[in-house]
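**Q** Pasting structure39.txt below, which is compact mmCIF, C-alpha atoms.
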# COMPACT_ATOMS: atom_id res chain seq x y z
CA THR P 1 108.22 98.38 128.77
CA SER P 2 107.17 96.65 125.57
CA THR P 3 104.92 93.65 125.36
CA SER P 4 105.13 90.86 122.84
CA THR P 5 102.86 87.96 122.00
CA THR P 6 102.74 85.16 119.45
CA THR P 7 99.33 83.58 118.96
CA THR P 8 98.02 80.61 117.05
CA THR P 9 94.80 78.65 116.99
CA THR P 10 93.99 74.97 117.07
CA THR P 11 95.95 72.54 114.94
CA PRO P 12 94.58 72.57 111.37
CA PRO P 13 93.22 69.36 109.88
CA LEU P 14 95.89 67.33 108.12
CA LEU P 15 95.47 64.98 105.21
CA GLY P 16 96.70 61.38 105.31
CA GLN P 17 98.21 61.68 108.78
CA LYS P 18 101.19 59.51 109.54
CA SER P 19 103.54 59.54 112.51
CA ARG P 20 107.10 60.54 111.62
CA PRO P 21 109.58 60.35 114.51
CA GLY P 22 112.39 62.87 114.63
CA GLN P 23 115.62 61.70 113.03
CA ASP P 24 118.12 63.85 114.89
CA THR P 25 118.51 66.33 117.70
CA ASP P 26 120.25 69.09 115.68
CA GLY P 27 122.28 70.10 118.71
CA ARG P 28 119.34 70.30 121.10
CA THR P 29 120.73 69.74 124.58
CA ASP P 30 117.82 67.67 125.89
CA GLY P 31 117.99 65.04 123.13
CA HIS P 32 114.32 65.73 122.35
CA ARG P 33 112.85 63.37 119.75
CA ASN P 34 109.21 64.14 119.23
CA PRO P 35 106.93 62.00 117.01
CA VAL P 36 104.89 64.38 114.88
CA ALA P 37 101.69 63.58 112.98
CA MET P 38 102.04 64.97 109.48
CA PRO P 39 100.56 64.26 106.03
CA SER P 40 102.21 61.30 104.33
CA SER P 41 104.07 63.51 101.85
CA TYR P 42 105.58 65.64 104.62
CA ALA P 43 109.19 64.93 105.43
CA HIS P 44 109.40 68.19 107.39
CA ARG P 45 109.36 67.74 111.15
CA TYR P 46 107.57 70.15 113.45
CA PRO P 47 108.54 69.45 117.06
CA ARG P 48 105.63 70.51 119.27
CA SER P 49 107.08 70.28 122.76
CA PRO P 50 109.37 72.93 124.32
CA TYR P 51 113.10 72.22 124.08
CA VAL P 52 116.49 73.85 124.56
CA ALA P 53 118.86 74.53 121.64
CA GLY P 54 122.22 76.17 122.27
CA ASN P 55 121.40 78.66 125.00
CA VAL P 56 117.85 79.46 123.88
CA GLN P 57 114.51 78.12 125.06
CA VAL P 58 112.19 77.18 122.18
CA VAL P 59 108.42 77.02 122.71
CA PRO P 60 106.64 75.84 119.52
CA ASN P 61 103.11 76.87 118.67
CA ALA P 62 100.36 74.29 119.11
CA ASN P 63 100.76 72.86 115.59
CA GLY P 64 104.55 73.25 115.53
CA PHE P 65 104.47 75.94 112.84
CA GLY P 66 106.25 78.94 114.34
CA ALA P 67 107.95 79.19 117.72
CA LEU P 68 108.76 81.65 120.48
CA VAL P 69 112.50 81.73 121.25
CA SER P 70 113.80 83.17 124.52
CA VAL P 71 117.48 84.13 124.61
CA GLN P 72 119.45 83.58 127.80
CA PRO P 73 121.96 86.30 128.76
CA ALA P 74 125.57 85.51 127.85
CA ARG P 75 127.15 85.51 131.29
CA GLY P 76 130.68 86.83 131.61
CA ARG P 77 130.88 87.81 127.93
CA LEU P 78 131.34 91.33 126.64
CA GLN P 79 128.78 91.24 123.86
CA PRO P 80 126.67 94.16 122.51
CA SER P 81 123.75 91.72 122.57
CA PRO P 82 123.35 88.15 123.85
CA CYS P 83 122.20 87.28 120.34
CA PHE P 84 125.80 87.48 119.10
CA ASP P 85 126.79 84.53 121.26
CA PRO P 86 127.57 81.62 118.89
CA ARG P 87 125.44 79.29 121.03
CA THR P 88 122.50 81.66 120.58
CA ILE P 89 122.95 81.78 116.80
CA THR P 90 123.07 77.97 116.67
CA GLY P 91 119.93 77.70 118.76
CA ILE P 92 118.01 80.17 116.61
CA GLN P 93 119.14 78.34 113.46
CA VAL P 94 117.80 75.07 114.90
CA ALA P 95 114.46 76.65 115.71
CA LEU P 96 114.24 78.39 112.32
CA LYS P 97 115.00 75.16 110.49
CA HIS P 98 112.29 73.26 112.36
CA HIS P 99 109.51 75.86 112.71
CA LEU P 100 110.06 78.21 109.72
CA VAL P 101 109.06 81.31 111.74
CA VAL P 102 110.75 82.28 115.01
CA HIS P 103 109.92 85.18 117.30
CA VAL P 104 113.06 85.92 119.31
CA GLN P 105 112.88 87.76 122.62
CA GLY P 106 115.88 89.11 124.50
CA CYS P 107 118.15 90.29 121.66
CA SER P 108 117.99 94.09 122.01
CA LEU P 109 119.54 94.97 118.65
CA ALA P 110 119.48 98.69 119.39
CA ALA P 111 121.53 99.99 116.45
CA MET P 112 121.03 99.42 112.74
CA GLN P 113 124.55 98.00 112.52
CA ASP P 114 123.65 95.47 115.23
CA HIS P 115 120.69 94.35 113.10
CA LEU P 116 122.93 94.02 110.07
CA HIS P 117 125.70 92.12 111.88
CA PHE P 118 123.19 89.77 113.50
CA SER P 119 121.62 89.03 110.11
CA GLU P 120 125.03 88.23 108.63
CA ARG P 121 125.26 85.28 111.03
CA PHE P 122 122.52 83.61 108.95
CA GLY P 123 123.86 84.20 105.44
CA SER P 124 124.69 86.80 102.82
CA VAL P 125 122.71 90.01 103.14
CA TRP P 126 120.93 91.57 100.17
CA PRO P 127 122.97 94.73 99.51
CA PHE P 128 120.05 97.06 98.67
CA GLY P 129 117.31 95.45 100.77
CA ILE P 130 114.52 95.72 98.20
CA ASP P 131 114.06 94.72 94.58
CA GLN P 132 114.65 97.76 92.37
CA THR P 133 111.40 97.26 90.47
CA LEU P 134 109.41 97.02 93.69
CA TYR P 135 111.08 100.19 94.91
CA LYS P 136 109.81 101.95 91.78
CA VAL P 137 106.30 100.86 92.79
CA VAL P 138 106.82 102.32 96.27
CA SER P 139 108.22 105.53 94.81
CA SER P 140 105.28 106.00 92.44
CA SER P 141 102.48 105.33 94.95
CA PRO P 142 101.04 108.14 97.11
CA LEU P 143 100.12 105.49 99.69
CA PHE P 144 103.79 104.97 100.50
CA SER P 145 105.14 108.49 100.13
CA ALA P 146 106.23 108.62 103.79
CA MET P 147 108.10 105.34 103.40
CA HIS P 148 109.76 106.58 100.21
CA ASP P 149 110.84 109.82 101.87
CA MET P 150 112.27 107.86 104.81
CA ARG P 151 114.23 105.66 102.40
CA GLU P 152 115.70 108.65 100.59
CA GLN P 153 116.72 110.24 103.91
CA GLN P 154 118.28 106.94 105.01
CA LEU P 155 120.42 106.69 101.88
CA ALA P 156 121.41 110.36 102.05
CA ALA P 157 122.52 109.88 105.67
CA GLY P 158 124.76 106.95 104.73
CA GLU P 159 122.76 104.42 106.77
CA PRO P 160 123.01 100.77 105.62
CA PRO P 161 121.00 100.39 102.38
CA ALA P 162 120.59 96.66 103.11
CA ILE P 163 118.08 97.59 105.81
CA LEU P 164 114.64 98.49 104.49
CA LYS P 165 112.63 100.72 106.80
CA VAL P 166 109.03 99.55 106.43
CA PHE P 167 106.94 102.48 107.63
CA ASN P 168 103.15 102.63 107.73
CA LEU P 169 100.76 105.22 109.13
CA PRO P 170 97.32 103.88 108.20
CA ASN P 171 94.63 106.50 107.72
CA ARG P 172 91.04 105.77 106.74
CA THR P 173 90.88 108.81 104.45
CA ILE P 174 94.14 108.15 102.60
CA ASN P 175 94.16 104.37 102.59
CA GLY P 176 90.44 103.80 102.11
CA PRO P 177 88.20 101.10 103.57
CA MET P 178 90.72 98.29 102.95
CA ASN P 179 93.36 100.19 104.95
CA ALA P 180 96.11 99.24 102.49
CA VAL P 181 99.49 99.12 104.18
CA PHE P 182 102.85 98.15 102.71
CA GLY P 183 103.01 94.36 102.69
CA TRP P 184 99.24 93.90 103.00
CA PRO P 185 98.78 91.34 100.16
CA TRP P 186 99.92 87.81 100.99
CA HIS P 187 103.36 87.47 99.44
CA THR P 188 106.92 86.18 99.53
CA ASP P 189 109.50 88.96 99.57
CA ASN P 190 111.23 89.82 96.31
CA CYS P 191 110.51 86.47 94.69
CA PHE P 192 110.81 87.86 91.16
CA PRO P 193 114.27 89.41 90.83
CA HIS P 194 116.66 88.27 88.12
CA SER P 195 119.26 87.29 90.70
CA LEU P 196 119.05 85.05 93.76
CA PRO P 197 115.78 85.23 95.72
CA PRO P 198 115.98 85.60 99.49
CA VAL P 199 116.16 82.56 101.76
CA PHE P 200 115.27 84.31 105.03
CA GLY P 201 113.82 87.57 106.26
CA VAL P 202 114.88 89.28 109.50
CA ILE P 203 112.84 92.14 110.98
CA VAL P 204 113.46 94.30 114.04
CA PRO P 205 110.54 96.49 115.21
CA ARG P 206 111.46 100.09 115.97
CA ARG P 207 108.00 101.59 116.55
CA MET P 208 104.89 99.53 117.20
CA PRO P 209 101.26 100.50 117.81
CA PRO P 210 99.84 99.82 121.29
CA LYS P 211 97.81 96.97 119.81
CA GLY P 212 98.16 94.95 116.60
CA GLY P 213 100.64 95.74 113.86
CA GLY P 214 101.92 92.17 113.64
CA THR P 215 102.56 89.88 110.69
CA ARG P 216 100.60 86.78 109.69
CA PHE P 217 102.44 83.76 108.25
CA LEU P 218 101.15 80.85 106.15
CA ASP P 219 102.81 77.41 105.95
CA MET P 220 103.48 76.73 102.25
CA PHE P 221 104.23 73.04 102.84
CA GLN P 222 100.63 72.71 103.95
CA ALA P 223 99.49 74.92 101.06
CA PHE P 224 101.01 72.51 98.53
CA GLU P 225 99.63 69.49 100.39
CA ARG P 226 96.11 70.92 100.15
CA LEU P 227 96.16 71.68 96.45
CA PRO P 228 93.57 69.66 94.50
CA PRO P 229 95.33 66.65 92.88
CA ASP P 230 95.06 67.94 89.32
CA LEU P 231 96.31 71.40 90.26
CA LYS P 232 99.12 69.90 92.35
CA GLU P 233 100.29 67.88 89.34
CA ARG P 234 100.30 70.92 87.06
CA VAL P 235 102.18 73.05 89.60
CA ALA P 236 104.70 70.25 90.13
CA LEU P 237 105.78 70.63 86.49
CA GLN P 238 107.13 74.05 87.45
CA ARG P 239 109.66 72.52 89.83
CA TRP P 240 112.87 74.46 90.36
CA PRO P 241 115.74 72.78 88.49
CA SER P 242 117.84 72.50 91.65
CA ASN P 243 117.97 73.61 95.25
CA ALA P 244 121.32 75.25 94.51
CA LYS P 245 119.53 78.41 93.42
CA LEU P 246 117.67 78.66 96.71
CA ASN P 247 120.68 77.87 98.86
CA GLY P 248 122.76 80.48 97.13
CA THR P 249 125.31 78.29 95.38
CA SER P 250 124.01 78.97 91.89
CA SER P 251 122.68 82.01 90.08
CA GLY P 252 120.36 82.65 87.18
CA ASP P 253 116.79 83.64 86.50
CA PRO P 254 114.06 82.12 88.69
CA PRO P 255 111.56 79.74 87.12
CA GLY P 256 107.97 80.50 86.32
CA PHE P 257 105.43 80.93 89.07
CA PRO P 258 103.79 79.10 90.67
CA SER P 259 106.53 76.56 91.33
CA VAL P 260 107.36 73.74 93.72
CA LEU P 261 110.43 73.70 95.93
CA ASN P 262 111.93 70.44 97.13
CA LEU P 263 113.45 71.33 100.49
CA ARG P 264 115.14 68.42 102.24
CA GLY P 265 112.72 65.97 100.68
CA GLN P 266 109.55 68.00 101.29
CA HIS P 267 107.51 70.01 98.82
CA ALA P 268 106.50 73.63 99.32
CA LEU P 269 104.42 75.85 97.07
CA TYR P 270 106.46 78.85 95.93
CA THR P 271 104.55 81.57 94.14
CA ALA P 272 104.37 85.29 93.51
CA SER P 273 101.49 87.64 94.23
CA ARG P 274 99.59 88.60 91.10
CA GLY P 275 99.05 92.06 92.56
CA HIS P 276 102.79 92.51 93.00
CA LEU P 277 103.49 91.32 89.46
CA GLU P 278 100.90 93.64 87.93
CA ALA P 279 102.21 96.60 89.92
CA ALA P 280 105.74 95.78 88.78
CA ASN P 281 104.64 95.61 85.15
CA GLN P 282 103.22 99.14 85.39
CA VAL P 283 106.60 100.65 86.25
CA MET P 284 108.74 98.60 83.87
CA GLY P 285 109.50 99.20 80.25
CA ALA P 286 107.50 97.23 77.67
CA ASN P 287 110.34 94.85 76.77
CA GLU P 288 111.20 94.13 80.41
CA ALA P 289 107.56 93.53 81.30
CA ALA P 290 107.10 91.19 78.34
CA ALA P 291 110.17 89.18 79.34
CA ARG P 292 108.94 88.90 82.90
CA ASN P 293 105.48 87.82 81.80
CA ARG P 294 107.01 85.05 79.71
CA ALA P 295 108.96 83.91 82.76
CA PHE P 296 105.74 83.39 84.70
CA ARG P 297 104.59 80.81 82.15
CA GLY P 298 101.02 81.98 81.98
CA TRP P 299 98.71 83.84 84.32
CA GLU P 300 95.95 81.21 84.27
CA LEU P 301 97.77 78.75 86.52
CA LEU P 302 98.74 81.56 88.88
CA ASP P 303 95.08 82.61 89.12
CA GLU P 304 94.01 79.06 89.97
CA VAL P 305 96.63 78.78 92.70
CA GLU P 306 95.64 82.15 94.16
CA LYS P 307 92.00 81.02 94.33
CA HIS P 308 93.15 78.02 96.35
CA LEU P 309 95.33 80.18 98.57
CA THR P 310 92.45 82.61 99.11
CA ARG P 311 90.53 79.82 100.84
CA LEU P 312 93.54 79.04 103.04
CA TRP P 313 94.10 82.71 103.86
CA ALA P 314 90.48 83.00 104.98
CA GLU P 315 90.82 80.23 107.57
CA PRO P 316 92.48 81.60 110.74
CA ASN P 317 93.78 78.20 111.84
CA ASN P 318 95.97 77.91 108.74
CA SER P 319 98.24 80.76 109.81
CA ILE P 320 99.93 82.31 112.83
CA TYR P 321 99.93 85.96 113.84
CA VAL P 322 103.22 87.22 115.29
CA VAL P 323 103.20 90.53 117.18
CA PRO P 324 106.75 91.39 118.26
CA GLY P 325 107.63 94.12 120.71
CA VAL P 326 110.29 96.77 120.26
CA GLY P 327 113.60 95.03 120.89
CA ASP P 328 112.46 91.64 119.58
CA VAL P 329 113.52 89.97 116.33
CA VAL P 330 111.45 87.87 113.91
CA LEU P 331 113.06 85.54 111.36
CA TRP P 332 111.23 83.48 108.76
CA ASP P 333 111.93 81.12 105.89
CA GLU P 334 111.08 82.98 102.67
CA ARG P 335 111.06 79.72 100.68
CA ALA P 336 108.41 77.88 102.66
CA THR P 337 106.10 80.61 104.00
CA GLN P 338 104.04 83.53 102.81
CA HIS P 339 103.27 86.51 105.00
CA GLN P 340 100.96 89.48 105.27
CA ALA P 341 101.39 92.73 107.21
CA GLY P 342 98.62 93.32 109.74
CA ASN P 343 96.20 96.17 109.00
CA ASP P 344 94.59 96.22 112.44
CA TYR P 345 95.66 99.67 113.59
CA TYR P 346 94.78 103.22 112.54
CA GLY P 347 96.48 106.55 113.01
CA VAL P 348 99.50 105.09 114.83
CA PRO P 349 102.93 104.80 113.17
CA ARG P 350 104.49 101.39 112.75
CA GLU P 351 108.11 101.06 111.72
CA VAL P 352 110.00 97.79 111.35
CA HIS P 353 113.43 97.32 109.80
CA ARG P 354 113.90 94.39 107.43
CA VAL P 355 116.98 92.58 106.14
CA LEU P 356 116.86 89.81 103.52
CA ILE P 357 119.28 86.86 103.41
CA SER P 358 120.12 85.39 99.98
CA ARG P 359 122.61 82.69 100.93
CA ALA P 360 122.60 80.34 103.91
CA THR P 361 125.45 77.85 103.71
CA TRP P 362 124.74 76.51 107.22
CA LEU P 363 121.65 74.82 105.75
With the file now loaded, output its structure as structure tokens.

**A**
Amino acid sequence: TSTSTTTTTTTPPLLGQKSRPGQDTDGRTDGHRNPVAMPSSYAHRYPRSPYVAGNVQVVPNANGFGALVSVQPARGRLQPSPCFDPRTITGIQVALKHHLVVHVQGCSLAAMQDHLHFSERFGSVWPFGIDQTLYKVVSSSPLFSAMHDMREQQLAAGEPPAILKVFNLPNRTINGPMNAVFGWPWHTDNCFPHSLPPVFGVIVPRRMPPKGGGTRFLDMFQAFERLPPDLKERVALQRWPSNAKLNGTSSGDPPGFPSVLNLRGQHALYTASRGHLEAANQVMGANEAAARNRAFRGWELLDEVEKHLTRLWAEPNNSIYVVPGVGDVVLWDERATQHQAGNDYYGVPREVHRVLISRATWL
């Protein structure tokens, strides 16, 4: 029997609080309209009371960022998993839209194809599952040799390449005192490809340590709100030209980082990890690296933003830690969150399968 918990701490302090009542029910069956105290620039609504959507029960975290979703069995339906019920998909979409991170219990996506087909209900799946440049980093690092070997075996066996098997076996001798695991730096997945960046991530745990091994998420709406005024103004100049790129209806190169996303009238900080960019530069050709560096519009602004984010990362009440059990599913909004793989386990394998969604027309 697997166990699963989602934890959060007290509600973080908010600037310029103002009550914003909910505008719609988004299909929630109880007609829940919850006034939420948010900074004045927030248009995003975080319902904080439990509610029902479709045939799922949604229990938000204390500050509304992140939610636990319990799936009800689909009675009288011959489904490989209750999560394929259209009412379940609708309910999870509602929760994901409102809380940005959802921990779904009761899906039981036993096969890789089940994971893939479930993910397709939320948008277009990335065909290869990982940016090619990032995969070169994985392939060249002795830290991730086991993960690289697993990937090569997966492709040779004809398993879906859109699923990335994230495998870690932390060891103090190999990984050193920082216990570096894949996904340890705070980041947004694959935010620097030349094509469309992902909108959502979907992970299914396959092997979990007895304790720990979760993922921590940071609210990037709050991150932008807390930028110092002068830095916020400079970052705002990097605004994406349109939301079409993020919603998958337009293509083209991404803008420089850091940037600001305007999502349904709210502003989120969207940025890359300097560590990821530097690692990518090491495995790229000189011309490709130079072109990418130009696209980031200067490292100085990125450094200033990361200093600000470092202070947010260090405060536990600014993030949530999600520890799913085997058989659960975790979905998150890649546009409005950052995440970090937990490094709180040693000598025990952890394997989660990840799918990235690049288009989400239901939004």

**Q** For atom CA of P:Trp126 and atom CA of P:Val330, determine how far apart the two atoms are, in Å to one decimal place.

**A**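 So the two atoms, atom CA of P:Trp126 and atom CA of P:Val330, lie 17.1 Å apart.
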
**Q** Any idea what's packed within 6 Å of stretch 326-328 of chain P, counting all atoms listed in the file, ignoring anything in its chain fewer than 2 positions away? Could you give it as a PyMOL selection string?

**A** chain P and resi 104-105+108+205-206+324

**Q** What is the atom CA of P:Phe221-atom CA of P:Ser119 distance in Å, reported with one decimal?

**A** 24.7 Å

**Q** Separation of atom CA of P:Pro198 and atom CA of P:Met147, in Å?

**A**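 Atom CA of P:Met147 lies at a distance of 21.6 Å from atom CA of P:Pro198.
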
**Q** Find the residue from P:Leu312, P:Gln266, P:Phe182, P:Gln340 that sits nearest to P:Leu227; use only C-alpha atoms when measuring.

**A** P:Leu312

**Q** So that I can see what lies close to P:Val71, please list as a PDB file with C-alpha atoms, in the coordinates of the input the residues with an atom at most 8 Å from it, counting all atoms listed in the file and leaving out residues fewer than 6 positions away in the same chain.

**A**
ATOM      1  CA  ASN P  55     121.400  78.660 125.000  1.00  0.00           C
ATOM      2  CA  VAL P  56     117.850  79.460 123.880  1.00  0.00           C
ATOM      3  CA  GLN P  57     114.510  78.120 125.060  1.00  0.00           C
ATOM      4  CA  PRO P  82     123.350  88.150 123.850  1.00  0.00           C
ATOM      5  CA  CYS P  83     122.200  87.280 120.340  1.00  0.00           C
ATOM      6  CA  THR P  88     122.500  81.660 120.580  1.00  0.00           C
ATOM      7  CA  VAL P 104     113.060  85.920 119.310  1.00  0.00           C
ATOM      8  CA  GLN P 105     112.880  87.760 122.620  1.00  0.00           C
ATOM      9  CA  GLY P 106     115.880  89.110 124.500  1.00  0.00           C
ATOM     10  CA  CYS P 107     118.150  90.290 121.660  1.00  0.00           C
TER      11      CYS P 107
END

**Q** Provide an axis-aligned box for all listed atoms of stretch 98-111 of chain P, padding each side by 3 Å; report its centre and its edge lengths in Å to one decimal, as JSON.

**A**
{"center_x": 115.3, "center_y": 86.6, "center_z": 117.1, "size_x": 18.5, "size_y": 32.7, "size_z": 20.8}

**Q** Taking into account all atoms listed in the file, which residue in the set P:Ala223, P:Leu331, P:Leu116, P:Leu263 is nearest to P:Leu164?

**A**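 Using all atoms listed in the file, P:Leu164 sits closest to P:Leu116.
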
**Q** Got a sec to check which residues sit within 8 Å of (101.4, 74.2, 96.8), counting only C-alpha atoms, and write them as an MDAnalysis selection string?

**A** chainID P and resid 220:227 232 235 259:260 267:270 305

**Q** Name the residues in contact with P:Val94 at a cut-off of 12 Å, using all atoms listed in the file, excluding same-chain residues fewer than 2 positions from it; report them as a PyMOL selection string.

**A** chain P and resi 24-29+45-47+51-58+67+69+87-92+96-102+122+362-363

**Q** Counting all atoms listed in the file, which of P:Lys136, P:Arg350, P:Arg264, P:Arg216 gets nearest to P:Phe65?

**A** P:Arg216

**Q** Since the input has fewer atoms than a full residue there, write stretch 323-332 of chain P out with all heavy atoms, as a PDB file, keeping the file's coordinate frame.

**A**
ATOM      1  N   VAL P 323     103.171  89.119 116.801  1.00  0.00           N
ATOM      2  CA  VAL P 323     103.200  90.530 117.180  1.00  0.00           C
ATOM      3  C   VAL P 323     104.436  90.769 118.054  1.00  0.00           C
ATOM      4  O   VAL P 323     104.386  90.572 119.277  1.00  0.00           O
ATOM      5  CB  VAL P 323     101.925  90.939 117.943  1.00  0.00           C
ATOM      6  CG1 VAL P 323     101.927  92.451 118.210  1.00  0.00           C
ATOM      7  CG2 VAL P 323     100.682  90.551 117.161  1.00  0.00           C
ATOM      8  N   PRO P 324     105.542  91.169 117.466  1.00  0.00           N
ATOM      9  CA  PRO P 324     106.750  91.390 118.260  1.00  0.00           C
ATOM     10  C   PRO P 324     106.725  92.743 118.951  1.00  0.00           C
ATOM     11  O   PRO P 324     106.055  93.679 118.496  1.00  0.00           O
ATOM     12  CB  PRO P 324     107.862  91.329 117.207  1.00  0.00           C
ATOM     13  CG  PRO P 324     107.200  91.841 115.965  1.00  0.00           C
ATOM     14  CD  PRO P 324     105.764  91.395 116.026  1.00  0.00           C
ATOM     15  N   GLY P 325     107.454  92.851 120.046  1.00  0.00           N
ATOM     16  CA  GLY P 325     107.630  94.120 120.710  1.00  0.00           C
ATOM     17  C   GLY P 325     108.917  94.787 120.268  1.00  0.00           C
ATOM     18  O   GLY P 325     109.788  94.165 119.645  1.00  0.00           O
ATOM     19  N   VAL P 326     109.044  96.063 120.570  1.00  0.00           N
ATOM     20  CA  VAL P 326     110.290  96.770 120.260  1.00  0.00           C
ATOM     21  C   VAL P 326     111.429  96.089 121.012  1.00  0.00           C
ATOM     22  O   VAL P 326     111.347  95.853 122.210  1.00  0.00           O
ATOM     23  CB  VAL P 326     110.177  98.251 120.653  1.00  0.00           C
ATOM     24  CG1 VAL P 326     111.517  98.956 120.465  1.00  0.00           C
ATOM     25  CG2 VAL P 326     109.093  98.934 119.837  1.00  0.00           C
ATOM     26  N   GLY P 327     112.484  95.752 120.294  1.00  0.00           N
ATOM     27  CA  GLY P 327     113.600  95.030 120.890  1.00  0.00           C
ATOM     28  C   GLY P 327     113.612  93.557 120.541  1.00  0.00           C
ATOM     29  O   GLY P 327     114.617  92.876 120.763  1.00  0.00           O
ATOM     30  N   ASP P 328     112.511  93.034 120.002  1.00  0.00           N
ATOM     31  CA  ASP P 328     112.460  91.640 119.580  1.00  0.00           C
ATOM     32  C   ASP P 328     112.988  91.510 118.147  1.00  0.00           C
ATOM     33  O   ASP P 328     113.251  92.507 117.455  1.00  0.00           O
ATOM     34  CB  ASP P 328     111.021  91.106 119.630  1.00  0.00           C
ATOM     35  CG  ASP P 328     110.472  91.062 121.048  1.00  0.00           C
ATOM     36  OD1 ASP P 328     111.278  91.169 121.995  1.00  0.00           O
ATOM     37  OD2 ASP P 328     109.250  90.935 121.208  1.00  0.00           O
ATOM     38  N   VAL P 329     113.111  90.273 117.699  1.00  0.00           N
ATOM     39  CA  VAL P 329     113.520  89.970 116.330  1.00  0.00           C
ATOM     40  C   VAL P 329     112.612  88.852 115.812  1.00  0.00           C
ATOM     41  O   VAL P 329     112.283  87.934 116.562  1.00  0.00           O
ATOM     42  CB  VAL P 329     114.990  89.511 116.242  1.00  0.00           C
ATOM     43  CG1 VAL P 329     115.404  89.272 114.785  1.00  0.00           C
ATOM     44  CG2 VAL P 329     115.914  90.522 116.892  1.00  0.00           C
ATOM     45  N   VAL P 330     112.209  88.936 114.547  1.00  0.00           N
ATOM     46  CA  VAL P 330     111.450  87.870 113.910  1.00  0.00           C
ATOM     47  C   VAL P 330     112.199  87.431 112.660  1.00  0.00           C
ATOM     48  O   VAL P 330     112.589  88.268 111.838  1.00  0.00           O
ATOM     49  CB  VAL P 330     110.020  88.321 113.530  1.00  0.00           C
ATOM     50  CG1 VAL P 330     109.271  87.188 112.821  1.00  0.00           C
ATOM     51  CG2 VAL P 330     109.248  88.766 114.766  1.00  0.00           C
ATOM     52  N   LEU P 331     112.431  86.119 112.545  1.00  0.00           N
ATOM     53  CA  LEU P 331     113.060  85.540 111.360  1.00  0.00           C
ATOM     54  C   LEU P 331     112.105  84.539 110.745  1.00  0.00           C
ATOM     55  O   LEU P 331     111.380  83.843 111.467  1.00  0.00           O
ATOM     56  CB  LEU P 331     114.374  84.824 111.704  1.00  0.00           C
ATOM     57  CG  LEU P 331     115.484  85.624 112.388  1.00  0.00           C
ATOM     58  CD1 LEU P 331     115.371  85.507 113.897  1.00  0.00           C
ATOM     59  CD2 LEU P 331     116.860  85.136 111.928  1.00  0.00           C
ATOM     60  N   TRP P 332     112.099  84.447 109.427  1.00  0.00           N
ATOM     61  CA  TRP P 332     111.230  83.480 108.760  1.00  0.00           C
ATOM     62  C   TRP P 332     111.875  82.966 107.489  1.00  0.00           C
ATOM     63  O   TRP P 332     112.740  83.599 106.904  1.00  0.00           O
ATOM     64  CB  TRP P 332     109.860  84.099 108.444  1.00  0.00           C
ATOM     65  CG  TRP P 332     109.887  85.199 107.428  1.00  0.00           C
ATOM     66  CD1 TRP P 332     109.651  85.100 106.085  1.00  0.00           C
ATOM     67  CD2 TRP P 332     110.158  86.588 107.678  1.00  0.00           C
ATOM     68  NE1 TRP P 332     109.764  86.332 105.478  1.00  0.00           N
ATOM     69  CE2 TRP P 332     110.068  87.258 106.429  1.00  0.00           C
ATOM     70  CE3 TRP P 332     110.462  87.319 108.817  1.00  0.00           C
ATOM     71  CZ2 TRP P 332     110.278  88.628 106.315  1.00  0.00           C
ATOM     72  CZ3 TRP P 332     110.671  88.690 108.700  1.00  0.00           C
ATOM     73  CH2 TRP P 332     110.582  89.319 107.461  1.00  0.00           C
TER      74      TRP P 332
END
